[in-house]
$ cat final.txt   # compact mmCIF, N, CA and C atoms
# COMPACT_ATOMS: atom_id res chain seq x y z
N MET R 1 23.48 -163.41 67.60
CA MET R 1 22.66 -162.80 68.61
C MET R 1 22.34 -161.37 68.18
N ASN R 2 21.08 -161.02 68.32
CA ASN R 2 20.70 -159.67 67.90
C ASN R 2 21.08 -158.63 68.95
N ARG R 3 21.20 -157.43 68.48
CA ARG R 3 21.64 -156.30 69.31
C ARG R 3 20.51 -155.85 70.23
N PHE R 4 20.89 -155.47 71.48
CA PHE R 4 19.90 -155.02 72.45
C PHE R 4 19.40 -153.63 72.10
N ARG R 5 18.09 -153.46 72.19
CA ARG R 5 17.48 -152.15 71.95
C ARG R 5 16.47 -151.90 73.06
N PHE R 6 16.73 -150.85 73.85
CA PHE R 6 15.84 -150.48 74.94
C PHE R 6 14.74 -149.58 74.38
N ARG R 7 13.51 -150.03 74.47
CA ARG R 7 12.40 -149.32 73.85
C ARG R 7 12.10 -147.98 74.51
N LEU R 8 12.50 -147.82 75.75
CA LEU R 8 12.23 -146.57 76.46
C LEU R 8 13.47 -145.66 76.52
N GLU R 9 14.38 -145.84 75.59
CA GLU R 9 15.62 -145.04 75.59
C GLU R 9 15.34 -143.55 75.45
N SER R 10 14.38 -143.17 74.63
CA SER R 10 14.07 -141.75 74.46
C SER R 10 13.51 -141.16 75.76
N VAL R 11 12.71 -141.94 76.47
CA VAL R 11 12.18 -141.48 77.76
C VAL R 11 13.32 -141.34 78.77
N LEU R 12 14.25 -142.29 78.75
CA LEU R 12 15.40 -142.24 79.64
C LEU R 12 16.26 -141.01 79.34
N ARG R 13 16.49 -140.72 78.08
CA ARG R 13 17.25 -139.52 77.71
C ARG R 13 16.55 -138.26 78.20
N PHE R 14 15.22 -138.24 78.06
CA PHE R 14 14.44 -137.09 78.52
C PHE R 14 14.58 -136.92 80.04
N ARG R 15 14.50 -138.03 80.76
CA ARG R 15 14.59 -137.97 82.22
C ARG R 15 16.00 -137.55 82.66
N ARG R 16 17.01 -137.99 81.94
CA ARG R 16 18.38 -137.55 82.26
C ARG R 16 18.53 -136.05 82.02
N ALA R 17 17.97 -135.58 80.92
CA ALA R 17 18.03 -134.14 80.63
C ALA R 17 17.28 -133.35 81.70
N LYS R 18 16.13 -133.87 82.11
CA LYS R 18 15.34 -133.21 83.15
C LYS R 18 16.13 -133.17 84.46
N GLU R 19 16.79 -134.28 84.80
CA GLU R 19 17.59 -134.32 86.03
C GLU R 19 18.73 -133.30 85.95
N ASP R 20 19.40 -133.21 84.81
CA ASP R 20 20.48 -132.23 84.65
C ASP R 20 19.95 -130.80 84.81
N GLU R 21 18.78 -130.54 84.26
CA GLU R 21 18.17 -129.22 84.40
C GLU R 21 17.88 -128.92 85.87
N LYS R 22 17.35 -129.90 86.58
CA LYS R 22 17.04 -129.71 88.01
C LYS R 22 18.32 -129.52 88.82
N LYS R 23 19.40 -130.19 88.44
CA LYS R 23 20.68 -130.00 89.11
C LYS R 23 21.16 -128.56 88.94
N ARG R 24 21.05 -128.05 87.73
CA ARG R 24 21.48 -126.67 87.48
C ARG R 24 20.62 -125.68 88.27
N GLU R 25 19.30 -125.89 88.28
CA GLU R 25 18.41 -125.01 89.03
C GLU R 25 18.74 -125.05 90.52
N PHE R 26 18.96 -126.24 91.03
CA PHE R 26 19.29 -126.38 92.45
C PHE R 26 20.62 -125.68 92.75
N GLY R 27 21.58 -125.84 91.87
CA GLY R 27 22.88 -125.19 92.06
C GLY R 27 22.76 -123.67 92.08
N ARG R 28 21.93 -123.15 91.18
CA ARG R 28 21.73 -121.69 91.16
C ARG R 28 21.07 -121.20 92.44
N THR R 29 20.03 -121.89 92.88
CA THR R 29 19.33 -121.45 94.10
C THR R 29 20.22 -121.62 95.33
N LEU R 30 21.03 -122.67 95.35
CA LEU R 30 21.95 -122.87 96.46
C LEU R 30 23.00 -121.75 96.48
N GLY R 31 23.46 -121.37 95.29
CA GLY R 31 24.41 -120.25 95.20
C GLY R 31 23.80 -118.95 95.69
N LYS R 32 22.54 -118.72 95.33
CA LYS R 32 21.86 -117.51 95.80
C LYS R 32 21.72 -117.53 97.32
N LEU R 33 21.38 -118.69 97.87
CA LEU R 33 21.24 -118.80 99.32
C LEU R 33 22.57 -118.50 100.01
N LYS R 34 23.65 -119.06 99.51
CA LYS R 34 24.97 -118.82 100.10
C LYS R 34 25.34 -117.34 100.00
N ASN R 35 24.98 -116.70 98.89
CA ASN R 35 25.26 -115.28 98.70
C ASN R 35 24.49 -114.44 99.72
N GLU R 36 23.23 -114.78 99.94
CA GLU R 36 22.42 -114.04 100.92
C GLU R 36 22.95 -114.26 102.34
N GLU R 37 23.41 -115.47 102.63
CA GLU R 37 24.00 -115.73 103.95
C GLU R 37 25.28 -114.94 104.14
N ARG R 38 26.05 -114.81 103.06
CA ARG R 38 27.28 -114.02 103.12
C ARG R 38 26.96 -112.55 103.39
N LYS R 39 25.90 -112.04 102.74
CA LYS R 39 25.49 -110.66 102.98
C LYS R 39 25.09 -110.46 104.44
N TYR R 40 24.36 -111.42 104.99
CA TYR R 40 23.95 -111.34 106.39
C TYR R 40 25.17 -111.33 107.31
N ASN R 41 26.12 -112.21 107.03
CA ASN R 41 27.34 -112.27 107.86
C ASN R 41 28.12 -110.96 107.76
N ASP R 42 28.12 -110.34 106.59
CA ASP R 42 28.78 -109.04 106.44
C ASP R 42 28.08 -107.98 107.29
N LEU R 43 26.74 -108.02 107.32
CA LEU R 43 26.00 -107.08 108.16
C LEU R 43 26.31 -107.29 109.65
N VAL R 44 26.38 -108.54 110.05
CA VAL R 44 26.70 -108.85 111.45
C VAL R 44 28.09 -108.32 111.78
N ARG R 45 29.03 -108.57 110.89
CA ARG R 45 30.41 -108.12 111.11
C ARG R 45 30.47 -106.59 111.16
N THR R 46 29.74 -105.93 110.28
CA THR R 46 29.70 -104.46 110.28
C THR R 46 29.11 -103.94 111.59
N GLY R 47 28.05 -104.58 112.06
CA GLY R 47 27.44 -104.17 113.32
C GLY R 47 28.39 -104.33 114.49
N GLU R 48 29.11 -105.44 114.51
CA GLU R 48 30.07 -105.68 115.59
C GLU R 48 31.20 -104.66 115.55
N GLU R 49 31.69 -104.37 114.34
CA GLU R 49 32.76 -103.37 114.20
C GLU R 49 32.26 -101.99 114.63
N HIS R 50 31.03 -101.67 114.28
CA HIS R 50 30.47 -100.38 114.66
C HIS R 50 30.33 -100.29 116.18
N ASP R 51 29.89 -101.36 116.80
CA ASP R 51 29.75 -101.37 118.26
C ASP R 51 31.11 -101.18 118.94
N LYS R 52 32.13 -101.88 118.45
CA LYS R 52 33.47 -101.75 119.02
C LYS R 52 34.00 -100.33 118.83
N ASP R 53 33.78 -99.81 117.63
CA ASP R 53 34.24 -98.46 117.32
C ASP R 53 33.54 -97.43 118.21
N THR R 54 32.24 -97.58 118.38
CA THR R 54 31.47 -96.67 119.22
C THR R 54 31.92 -96.76 120.67
N GLU R 55 32.21 -97.97 121.12
CA GLU R 55 32.67 -98.16 122.50
C GLU R 55 34.01 -97.48 122.73
N LYS R 56 34.90 -97.57 121.75
CA LYS R 56 36.21 -96.91 121.88
C LYS R 56 36.05 -95.39 121.94
N LYS R 57 35.17 -94.88 121.08
CA LYS R 57 34.99 -93.44 121.03
C LYS R 57 34.24 -92.91 122.25
N SER R 58 33.47 -93.76 122.88
CA SER R 58 32.67 -93.29 124.02
C SER R 58 33.50 -93.05 125.27
N THR R 59 34.72 -93.49 125.30
CA THR R 59 35.55 -93.26 126.48
C THR R 59 35.98 -91.80 126.59
N GLY R 60 35.98 -91.10 125.46
CA GLY R 60 36.35 -89.69 125.47
C GLY R 60 35.11 -88.82 125.38
N ILE R 61 35.32 -87.62 124.90
CA ILE R 61 34.22 -86.68 124.74
C ILE R 61 33.57 -86.94 123.39
N MET R 62 32.21 -87.03 123.40
CA MET R 62 31.48 -87.30 122.17
C MET R 62 30.32 -86.32 122.11
N SER R 63 30.13 -85.73 120.95
CA SER R 63 29.04 -84.78 120.80
C SER R 63 27.70 -85.53 120.72
N VAL R 64 26.64 -84.81 121.01
CA VAL R 64 25.30 -85.39 120.94
C VAL R 64 24.99 -85.80 119.51
N ARG R 65 25.40 -84.99 118.56
CA ARG R 65 25.17 -85.30 117.15
C ARG R 65 25.83 -86.63 116.77
N THR R 66 27.04 -86.85 117.22
CA THR R 66 27.74 -88.11 116.93
C THR R 66 27.03 -89.28 117.59
N MET R 67 26.58 -89.08 118.81
CA MET R 67 25.87 -90.14 119.52
C MET R 67 24.57 -90.51 118.78
N ILE R 68 23.83 -89.50 118.34
CA ILE R 68 22.59 -89.74 117.61
C ILE R 68 22.89 -90.44 116.29
N HIS R 69 23.93 -89.98 115.61
CA HIS R 69 24.33 -90.61 114.35
C HIS R 69 24.67 -92.08 114.56
N ASN R 70 25.44 -92.37 115.59
CA ASN R 70 25.80 -93.77 115.89
C ASN R 70 24.58 -94.61 116.22
N PHE R 71 23.65 -94.01 116.97
CA PHE R 71 22.42 -94.73 117.32
C PHE R 71 21.61 -95.08 116.08
N TYR R 72 21.40 -94.11 115.19
CA TYR R 72 20.62 -94.38 113.98
C TYR R 72 21.32 -95.35 113.03
N TYR R 73 22.64 -95.27 112.99
CA TYR R 73 23.38 -96.21 112.14
C TYR R 73 23.23 -97.63 112.69
N ALA R 74 23.31 -97.78 114.00
CA ALA R 74 23.14 -99.10 114.62
C ALA R 74 21.72 -99.62 114.37
N ARG R 75 20.73 -98.75 114.45
CA ARG R 75 19.35 -99.15 114.16
C ARG R 75 19.20 -99.58 112.70
N HIS R 76 19.86 -98.86 111.81
CA HIS R 76 19.82 -99.21 110.39
C HIS R 76 20.42 -100.59 110.15
N ILE R 77 21.53 -100.85 110.77
CA ILE R 77 22.17 -102.17 110.62
C ILE R 77 21.26 -103.27 111.16
N ASP R 78 20.64 -103.03 112.32
CA ASP R 78 19.74 -104.03 112.90
C ASP R 78 18.54 -104.29 111.99
N SER R 79 17.95 -103.24 111.43
CA SER R 79 16.80 -103.44 110.54
C SER R 79 17.24 -104.14 109.25
N SER R 80 18.45 -103.83 108.78
CA SER R 80 18.97 -104.52 107.60
C SER R 80 19.19 -106.00 107.87
N LYS R 81 19.64 -106.33 109.07
CA LYS R 81 19.84 -107.74 109.44
C LYS R 81 18.50 -108.48 109.48
N ILE R 82 17.48 -107.83 110.02
CA ILE R 82 16.16 -108.45 110.08
C ILE R 82 15.61 -108.68 108.68
N ALA R 83 15.77 -107.69 107.81
CA ALA R 83 15.31 -107.84 106.43
C ALA R 83 16.09 -108.95 105.72
N GLN R 84 17.38 -109.02 105.97
CA GLN R 84 18.20 -110.05 105.33
C GLN R 84 17.84 -111.44 105.84
N GLU R 85 17.45 -111.55 107.11
CA GLU R 85 17.00 -112.84 107.64
C GLU R 85 15.77 -113.32 106.89
N LYS R 86 14.86 -112.41 106.57
CA LYS R 86 13.67 -112.77 105.81
C LYS R 86 14.03 -113.22 104.40
N VAL R 87 14.99 -112.53 103.80
CA VAL R 87 15.44 -112.92 102.46
C VAL R 87 16.05 -114.32 102.51
N ILE R 88 16.82 -114.59 103.55
CA ILE R 88 17.44 -115.92 103.70
C ILE R 88 16.37 -116.99 103.88
N GLU R 89 15.35 -116.70 104.68
CA GLU R 89 14.26 -117.67 104.87
C GLU R 89 13.59 -118.00 103.54
N THR R 90 13.32 -116.97 102.76
CA THR R 90 12.69 -117.18 101.45
C THR R 90 13.60 -117.99 100.54
N ALA R 91 14.88 -117.66 100.52
CA ALA R 91 15.83 -118.40 99.69
C ALA R 91 15.95 -119.84 100.15
N GLN R 92 15.85 -120.07 101.45
CA GLN R 92 15.92 -121.44 101.99
C GLN R 92 14.72 -122.26 101.53
N VAL R 93 13.54 -121.64 101.54
CA VAL R 93 12.33 -122.33 101.08
C VAL R 93 12.46 -122.70 99.61
N VAL R 94 12.92 -121.76 98.79
CA VAL R 94 13.10 -122.03 97.36
C VAL R 94 14.13 -123.13 97.15
N THR R 95 15.21 -123.07 97.90
CA THR R 95 16.26 -124.10 97.79
C THR R 95 15.72 -125.47 98.18
N ASP R 96 14.94 -125.52 99.22
CA ASP R 96 14.35 -126.80 99.64
C ASP R 96 13.40 -127.35 98.57
N GLU R 97 12.63 -126.46 97.94
CA GLU R 97 11.73 -126.90 96.87
C GLU R 97 12.53 -127.44 95.69
N LYS R 98 13.60 -126.75 95.32
CA LYS R 98 14.43 -127.21 94.20
C LYS R 98 15.12 -128.52 94.54
N ARG R 99 15.52 -128.69 95.80
CA ARG R 99 16.14 -129.95 96.22
C ARG R 99 15.14 -131.10 96.09
N ALA R 100 13.90 -130.85 96.49
CA ALA R 100 12.86 -131.88 96.39
C ALA R 100 12.59 -132.23 94.93
N GLU R 101 12.57 -131.22 94.07
CA GLU R 101 12.37 -131.47 92.63
C GLU R 101 13.52 -132.29 92.07
N LEU R 102 14.74 -131.99 92.49
CA LEU R 102 15.91 -132.75 92.03
C LEU R 102 15.83 -134.19 92.49
N VAL R 103 15.46 -134.40 93.73
CA VAL R 103 15.35 -135.77 94.26
C VAL R 103 14.30 -136.55 93.47
N GLU R 104 13.18 -135.91 93.19
CA GLU R 104 12.11 -136.58 92.43
C GLU R 104 12.58 -136.92 91.01
N ALA R 105 13.26 -135.98 90.36
CA ALA R 105 13.76 -136.24 89.00
C ALA R 105 14.79 -137.36 89.01
N THR R 106 15.63 -137.40 90.03
CA THR R 106 16.63 -138.45 90.14
C THR R 106 15.97 -139.81 90.34
N LYS R 107 14.93 -139.85 91.16
CA LYS R 107 14.21 -141.11 91.37
C LYS R 107 13.61 -141.62 90.06
N LYS R 108 12.98 -140.72 89.32
CA LYS R 108 12.36 -141.12 88.06
C LYS R 108 13.39 -141.65 87.07
N LYS R 109 14.56 -141.02 87.04
CA LYS R 109 15.61 -141.47 86.13
C LYS R 109 16.16 -142.82 86.57
N LYS R 110 16.34 -143.00 87.88
CA LYS R 110 16.90 -144.26 88.38
C LYS R 110 15.96 -145.43 88.13
N VAL R 111 14.66 -145.18 88.16
CA VAL R 111 13.70 -146.25 87.87
C VAL R 111 13.94 -146.78 86.45
N LEU R 112 14.08 -145.87 85.52
CA LEU R 112 14.32 -146.30 84.13
C LEU R 112 15.71 -146.92 83.97
N ASP R 113 16.70 -146.39 84.68
CA ASP R 113 18.04 -146.99 84.63
C ASP R 113 18.00 -148.44 85.10
N ARG R 114 17.31 -148.69 86.20
CA ARG R 114 17.20 -150.06 86.72
C ARG R 114 16.45 -150.96 85.76
N LEU R 115 15.39 -150.43 85.18
CA LEU R 115 14.62 -151.20 84.20
C LEU R 115 15.49 -151.57 83.01
N LYS R 116 16.28 -150.61 82.55
CA LYS R 116 17.17 -150.88 81.41
C LYS R 116 18.20 -151.95 81.78
N GLU R 117 18.76 -151.86 82.99
CA GLU R 117 19.73 -152.87 83.43
C GLU R 117 19.10 -154.25 83.46
N ARG R 118 17.87 -154.35 83.99
CA ARG R 118 17.19 -155.65 84.03
C ARG R 118 16.94 -156.19 82.63
N LYS R 119 16.53 -155.30 81.73
CA LYS R 119 16.28 -155.74 80.35
C LYS R 119 17.56 -156.21 79.68
N ILE R 120 18.67 -155.53 79.98
CA ILE R 120 19.96 -155.95 79.40
C ILE R 120 20.33 -157.33 79.93
N GLU R 121 20.11 -157.55 81.23
CA GLU R 121 20.41 -158.86 81.81
C GLU R 121 19.53 -159.94 81.21
N GLU R 122 18.26 -159.63 80.99
CA GLU R 122 17.36 -160.59 80.37
C GLU R 122 17.79 -160.91 78.95
N HIS R 123 18.29 -159.90 78.27
CA HIS R 123 18.67 -160.07 76.87
C HIS R 123 19.93 -160.93 76.73
N THR R 124 20.83 -160.83 77.70
CA THR R 124 22.09 -161.60 77.56
C THR R 124 21.98 -162.99 78.10
$ encode --input "final.txt" --output "structure tokens"
Amino acid sequence: MNRFRFRLESVLRFRRAKEDEKKREFGRTLGKLKNEERKYNDLVRTGEEHDKDTEKKSTGIMSVRTMIHNFYYARHIDSSKIAQEKVIETAQVVTDEKRAELVEATKKKKVLDRLKERKIEEHT
């Protein structure tokens, strides 16, 4: 009996390499998204700590300068959170695009894998 030779093996290897590349890209973008979410959570935590700290200090005597400083710092944190939300939205869109590319590459590879399996069954 002669040895099985899949004529589209080079295409299958190419599709596997393409899928691996898409997996790496997706992993990188997912990592970036998680990093941006972590930054946002840090900003939220900083804002909450600042609010608690300001509330504790407000029970005593506080200068106008300190009050203004606290107000501007709170505004800065809020604007930073809004900017970070936009960054997260952008990262989410990129991650979704990379996920779709990965799914498409996986489908293309699986088609050839199934074809190869059928040809092997026909050959035996």
$ closest_residue --input "final.txt" --among "R:Glu85, R:Glu121, R:Lys110, R:Ala105" --to "Glu21 of chain R" --atoms "only C-alpha atoms"
R:Ala105
$ residues_around --input "final.txt" --residues "Lys108 of chain R" --least-positions-apart "5" --cutoff "8 Å" --atoms "all atoms listed in the file" --output "count of residues only"
6
$ atom_distance --input "final.txt" --atom1 "atom C of Lys107 of chain R" --atom2 "atom C of Lys34 of chain R"
28.7 Å
$ residues_around --input "final.txt" --residues "segment 91-101 of chain R" --least-positions-apart "4" --cutoff "6 Å" --atoms "all atoms listed in the file" --output "list in words"
Lys22, Phe26, Thr29, Leu30, Leu33, Lys86, Val87, Ala105 and Thr106 of chain R
$ atom_distance --input "final.txt" --atom1 "atom C of Glu89 of chain R" --atom2 "atom C of Arg24 of chain R"
18.5 Å
$ atom_distance --input "final.txt" --atom1 "atom CA of Ala83 of chain R" --atom2 "atom CA of Thr46 of chain R"
15.3 Å
$ closest_residue --input "final.txt" --among "R:Ile88, R:Ile120, R:Ile68, R:Leu112" --to "Tyr40 of chain R" --atoms "only C-alpha atoms"
R:Ile88
$ closest_residue --input "final.txt" --among "R:Thr59, R:Thr124, R:Lys109, R:Asp42" --to "Arg13 of chain R" --atoms "only C-alpha atoms"
R:Lys109
